[in-house]
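Colleague: Here it is, the structure in full.
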Amino acid sequence: MKTPPSEDLKRLVGAPVSVLDTPMLVVDLDAMQRNLGRMAEFARKHGIRWRPHAKMHKSSAIAKLQLQAGAAGICVQKTSEAEAMAAGGVYNIYISNEVVAPAKLARVADLAHQLAAEQGQLAIAVDSVEGIRRLANEMNDRRRGGAPAVIDVFVEIDVGQGRCGVTPGQSAVDLALEIRKHAPLRFAGLQAYHGRAQHLRTPRERREAVATVVRDVRFTKMLIEQEGLPVPLVTGSGTGSMVGEAASGLYGELQAGSFLFMDADYARNERDPAQPQFEHALFVKSQVMSSGLLHAVCDAGHKSHAIDSGMPTVLPMDPTGELDYLNGGDEHGILKPARGNQRVPRLDETVWLIPGHCDPTVNLHNHLVGVSGGLTRGKVEKIIRVDARGALT
């Protein structure tokens, strides 16, 4: 019987990076640790909590590293992601998304009780009265012996994403008051995330977008508090806009997640001088499998990396020089010399791709190979399981 892939990978620990098969998803642990430290320092400097999105790395092992560095907890988007994180020993989880299907809400309630037994806490976002009532019913139905579990509930307002959330203002007030009616639910504050602001390319554009968000959140918070209901926390933000939310004096928690790996799309943003200098830490190792006069082909097509945010970029390295990556389909990537570079990569040469979007790229792989000491002369330090791969429900 063939050895399971995970066992094959474990045998690589201590081996040089050069022996890794291709295509392979690799994490530069040194760069990742520097990114983690810079985020923790940014949060300390601004006196703000940070709760990174684990939907990005989908790994309980990495989530634990973030918690050890000072994170208040983690965010996920799916019930099954939350279950995977809890199974891996992560007990402070926020499902920053709406869940309305009764079967899923039963799982949410079970998880809330499970985490309470571990001295942990589950939180969730809502944007409808019906969703609140269904959640409360399931929490009551699933109540176990001992002290009843309470789930933290955030009212999501649409501050520019155009996705989930109610209109800022009275609609959010009505939901907050509805939450207060149900004993198993605790109004935890406002969820205010502007996803589109993350990828506005200039700092000025991002700051202007956040200023509008802050205005809407402040107005909504005031209306809720006028009803005698405190708003304990405003949570949201992302890697692109975190400078604005941290400086607002209104947000108490940042949900930035991609800073840890920094994909090619985030690198296209002009960095705000007030934001830490995050590094690329996630790469697809690939090998040249065909080489001609004008182009070469590597063995990493879009089955190994997501292309929803554009093609990956190629890490410039000697002797290859700068290369452009063009879509070659499922299993192939077309490599052409970039402007100023005339050299076409030769057979067997290694190329390191920086994925366009880290989150869905990670979801394509069962494991991350963590290396230390650099991509050329480093060694494999650990194999990191992607616990929540395919966790879509």
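Quick note on naming: the chains in the structure tokens go A, B, ... in the order shown, residues restart at 1 in each chain, and ligands are numbered from 1 in order of appearance.
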Mind the document's chain letters and residue numbers, and return as number ranges by chain the residues of range 52-299 of chain A that DSSP labels helix (DSSP H, G or I).

Modeller: A: 60-68, 79-87, 102-117, 129-141, 170-180, 195-199, 203-226, 242-247, 258-260, 264-267

Colleague: Restrict the calculation to only C-alpha atoms, then for each residue of range 261-359 of chain A with any atom at most 9 Å from an atom of range 17-32 of chain A give the closest atom pair and their distance in Å to one decimal, rows by chain and rising residue number, as a tab-separated table.

Modeller:
residue	atom	partner	partner_atom	distance
A:Phe261	CA	A:Met32	CA	6.4
A:Phe278	CA	A:Ala31	CA	8.4
A:Glu279	CA	A:Ala31	CA	6.2
A:His280	CA	A:Ala31	CA	7.0
A:Ala281	CA	A:Asp28	CA	4.9
A:Leu282	CA	A:Val27	CA	4.7
A:Phe283	CA	A:Val26	CA	5.2
A:Val284	CA	A:Leu25	CA	4.6
A:Lys285	CA	A:Met24	CA	5.1
A:Ser286	CA	A:Pro23	CA	4.8
A:Gln287	CA	A:Thr22	CA	6.3
A:Cys298	CA	A:Pro23	CA	9.0
A:Asp299	CA	A:Pro23	CA	6.4
A:Ala300	CA	A:Pro23	CA	5.5
A:Gly301	CA	A:Pro23	CA	8.8
A:Ser304	CA	A:Pro23	CA	6.9
A:His305	CA	A:Leu25	CA	8.8
A:Thr350	CA	A:Ser18	CA	8.7

Colleague: Rank A:Asp141, A:Glu381, A:Glu81, A:Glu178 by their smallest atom-to-atom distance to Ala54 in chain A, using only C-alpha atoms, and report the top residue only.

Modeller: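 For Ala54 in chain A, the nearest of the candidates is A:Glu81.
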
Colleague: Counting only C-alpha atoms, figure out which residue out of A:Leu177, A:Ala86, A:Ile93, A:Ala188 gets nearest to Pro52 in chain A.

Modeller: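 Closest to Pro52 in chain A of all the choices is A:Ile93.
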
Colleague: Applying 8 Å and only C-alpha atoms, which residues near Ala338 in chain A remain after dropping the ones on its own chain fewer than 6 positions away? List them as a PDB file with C-alpha atoms, in the first residue's frame.

Modeller:
ATOM      1  CA  GLU A 322      12.399  38.934 -14.170  1.00  0.00           C
ATOM      2  CA  LEU A 323       9.674  36.898 -15.849  1.00  0.00           C
ATOM      3  CA  ASP A 324       6.035  37.430 -16.734  1.00  0.00           C
TER       4      ASP A 324
END

Colleague: Provide the CA of Val150 in chain A to CA of Gln68 in chain A distance in Å, to one decimal place.

Modeller: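 Computing it gives 25.1 Å between the two atoms.
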
Colleague: Could you jot down the CA of Ser309 in chain A to CA of Asn327 in chain A separation for me, Å, one decimal place?

Modeller: 12.8 Å

Colleague: Set the distance at 6 Å and use only C-alpha atoms: which residues neighbour range 382-385 of chain A once local chain neighbours fewer than 2 positions away are removed? I'd like the list as an MDAnalysis selection string.

Modeller: chainID A and resid 13 367:370 380 387

Colleague: Report the distance between CA of Val344 in chain A and CA of His295 in chain A in Å, rounded to one decimal place.

Modeller: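 The value is 5.9 Å.
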
Colleague: Do a neighbour search on Pro319 in chain A at 10 Å with only C-alpha atoms, toss out local chain neighbours closer than 5 positions, and write the hits as a list of chain:residue names.

Modeller: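 These residues fall inside the cut-off: A:Arg343, A:Pro345, A:Glu349.
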
Colleague: Could you pull out the residues in range 180-352 of chain A that DSSP calls strand (DSSP E or B) from the backbone, as a ChimeraX atom specification?

Modeller: /A:185-192,234-236,253-254,282-291,296-298,313-314,317,321,323-327,333-337,350-352

Colleague: Could you please take those selected residues and save C-alpha atoms as a JSON list (two decimals), in the first residue's frame?

Modeller:
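Everything below was put into result23.json:
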[["chain", "number", "residue", "atom", "x", "y", "z"],
["A", 185, "LEU", "CA", -27.66, 35.70, 22.75],
["A", 186, "ARG", "CA", -25.41, 38.57, 23.78],
["A", 187, "PHE", "CA", -25.19, 41.72, 21.68],
["A", 188, "ALA", "CA", -21.45, 42.04, 21.07],
["A", 189, "GLY", "CA", -21.30, 45.08, 18.80],
["A", 190, "LEU", "CA", -21.08, 45.93, 15.12],
["A", 191, "GLN", "CA", -19.47, 44.10, 12.21],
["A", 192, "ALA", "CA", -18.33, 46.72, 9.68],
["A", 234, "VAL", "CA", -16.75, 47.59, 16.47],
["A", 235, "THR", "CA", -14.90, 44.95, 14.48],
["A", 236, "GLY", "CA", -13.88, 44.72, 10.83],
["A", 253, "GLU", "CA", -10.64, 45.13, 16.64],
["A", 254, "LEU", "CA", -8.95, 44.50, 13.29],
["A", 282, "LEU", "CA", 3.51, 32.15, 0.41],
["A", 283, "PHE", "CA", 4.90, 30.67, -2.80],
["A", 284, "VAL", "CA", 4.21, 27.94, -5.29],
["A", 285, "LYS", "CA", 7.43, 26.16, -6.14],
["A", 286, "SER", "CA", 7.38, 25.22, -9.82],
["A", 287, "GLN", "CA", 9.74, 23.77, -12.38],
["A", 288, "VAL", "CA", 10.35, 24.55, -16.04],
["A", 289, "MET", "CA", 9.09, 21.58, -18.05],
["A", 290, "SER", "CA", 9.48, 22.98, -21.56],
["A", 291, "SER", "CA", 11.69, 25.72, -22.99],
["A", 296, "ALA", "CA", 9.19, 28.54, -21.29],
["A", 297, "VAL", "CA", 6.48, 26.51, -19.57],
["A", 298, "CYS", "CA", 6.33, 25.65, -15.88],
["A", 313, "THR", "CA", 3.84, 37.05, -10.24],
["A", 314, "VAL", "CA", 7.24, 35.39, -10.51],
["A", 317, "MET", "CA", 15.86, 35.31, -8.85],
["A", 321, "GLY", "CA", 15.82, 37.30, -13.95],
["A", 323, "LEU", "CA", 9.67, 36.90, -15.85],
["A", 324, "ASP", "CA", 6.03, 37.43, -16.73],
["A", 325, "TYR", "CA", 3.54, 34.62, -16.03],
["A", 326, "LEU", "CA", 0.76, 34.06, -18.54],
["A", 327, "ASN", "CA", -2.20, 31.72, -18.22],
["A", 333, "GLY", "CA", 2.14, 28.35, -16.82],
["A", 334, "ILE", "CA", 3.67, 30.33, -19.68],
["A", 335, "LEU", "CA", 6.85, 32.19, -18.74],
["A", 336, "LYS", "CA", 8.19, 35.03, -20.85],
["A", 337, "PRO", "CA", 11.12, 37.34, -20.17],
["A", 350, "THR", "CA", 12.99, 26.39, -10.47],
["A", 351, "VAL", "CA", 10.59, 29.32, -10.49],
["A", 352, "TRP", "CA", 8.79, 30.64, -7.43]]

Colleague: Please identify all polymer residues within 10 Å of Gly252 in chain A, counting only C-alpha atoms, omitting same-chain residues fewer than 2 positions from it, and present them as number ranges by chain.

Modeller: A: 46-50, 232-236, 245-246, 248-250, 254

Colleague: The selected residues should be written to file as a compact mmCIF listing (two decimals), in the first residue's frame (atoms: C-alpha atoms).

Modeller:
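The result, stored in out_35.txt:
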# COMPACT_ATOMS: atom_id res chain seq x y z
CA HIS A 46 -2.55 51.59 18.45
CA GLY A 47 -4.06 49.96 21.53
CA ILE A 48 -6.35 47.81 19.41
CA ARG A 49 -7.18 44.11 19.36
CA TRP A 50 -6.58 41.98 16.29
CA PRO A 232 -19.11 46.87 23.27
CA LEU A 233 -17.05 46.54 20.10
CA VAL A 234 -16.75 47.59 16.47
CA THR A 235 -14.90 44.95 14.48
CA GLY A 236 -13.88 44.72 10.83
CA GLU A 245 -9.65 51.75 11.02
CA ALA A 246 -6.88 51.64 13.64
CA SER A 248 -10.37 56.00 13.76
CA GLY A 249 -10.72 55.75 17.51
CA LEU A 250 -13.92 53.83 16.81
CA LEU A 254 -8.95 44.50 13.29
